[in-house]
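So the structure is just underneath, and the comments pick up after that.
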Amino acid sequence: MAHDETIYMMDRITPKAGQAKAFLDLYMKRYAPNAKARGLKHEFTWVAPAMWLDNQPNTLFIVWSVKGAPAWWAMEHSARRDPDIIEWWQEVDAMVESRHRSFLADVSDIASLTDVSVQQAHHVR
């Protein structure tokens, strides 16, 4: 099996009013290099509404991807053991109103991503 299904990770982050641009700059400078080192590919960064607000919060949508379930498990495993990630979120917590992480896939990839026998065999290596 090729394991070429794309799994997306979307961070939906709402920094406090007037702090979205500063938060995003920090995220890209400090969090993004770690994510890339864990095998994630940066896909998109969107801001809503489509302007930086000073007196209201913006919401950031930052999308990453990884190819196949084995790569996702490797990335997830390394992230759970990385104190830099925990420290990063603790440091920026005061800037953040809310955050949510979603993992997504194309509906056509669901069957192969949920084939447990294949995923376990590859993950056990």
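Identifiers in the structure tokens: chain A, B, ... in order shown; residue index from 1 per chain; ligand index from 1 in order shown.
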
Stretch 8-84 of chain A near stretch 100-103 of chain A within 6 Å: what's each residue's closest atom pair and its distance in Å to one decimal, counting only C-alpha atoms, ordered by chain then ascending residue number, as CSV?
residue,atom,partner,partner_atom,distance
A:Tyr8,CA,A:Phe103,CA,5.6
A:Met9,CA,A:Phe103,CA,4.6
A:Met10,CA,A:Ser102,CA,5.2
A:Asp11,CA,A:Arg101,CA,4.6
A:Arg12,CA,A:His100,CA,5.2

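Going from atom CA of A:Asp93 to atom CA of A:Ala71 covers 28.1 Å.
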
Exercise. Of the residues A:Pro70, A:Arg30, A:Trp88, A:Ala79, which is the one nearest to A:Glu5, using only C-alpha atoms?
Worked result: A:Pro70

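Between atom CA of A:Val66 and atom CA of A:Asp82 the separation is 18.2 Å.
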
For this session: Write down as a PyMOL selection string the residues of chain A whose backbone DSSP state falls under helix (DSSP H, G or I).
Result: chain A and resi 20-37+69-80+83-95+107-113+116-124

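The shortest atom-to-atom distance to A:Met51, with only C-alpha atoms taken into account, belongs to A:Ala20 out of A:Leu104, A:Ala20, A:Met28, A:Ala69.
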
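Proximity ranking of A:Ala22, A:Ile85, A:Met75, A:Ile13 relative to A:Arg38 places A:Met75 first, based on only C-alpha atoms.
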
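Near A:Lys21, within 9 Å and counting only C-alpha atoms, sit Pro15, Trp52, Leu53 and Asn58 of chain A, not including residues fewer than 6 positions from it in the same chain.
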
Can those selected residues be exported to a file as a compact mmCIF listing (two decimals), in the first residue's frame so that it contains C-alpha atoms?
# COMPACT_ATOMS: atom_id res chain seq x y z
CA PRO A 15 -6.33 35.38 19.23
CA TRP A 52 -6.54 42.69 10.61
CA LEU A 53 -8.86 43.94 13.33
CA ASN A 58 -9.75 37.67 14.00

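Considering only C-alpha atoms, the residue among A:Ile7, A:Ala74, A:Val107, A:Leu24 positioned nearest to A:Lys41 is A:Ile7.
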
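Among the candidates A:Leu26, A:Ala48, A:Met95, A:Ala105, the residue lying nearest to A:Lys67 is A:Ala105 (atoms considered: only C-alpha atoms).
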
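Residue nearest A:Asp115 within the list A:Gly68, A:Ala94, A:Glu76, A:Thr14: A:Gly68 [criterion: smallest interatomic distance, only C-alpha atoms].
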
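Taking atom CA of A:Phe61 and atom CA of A:Pro49 as the two end points, the separation is 11.0 Å.
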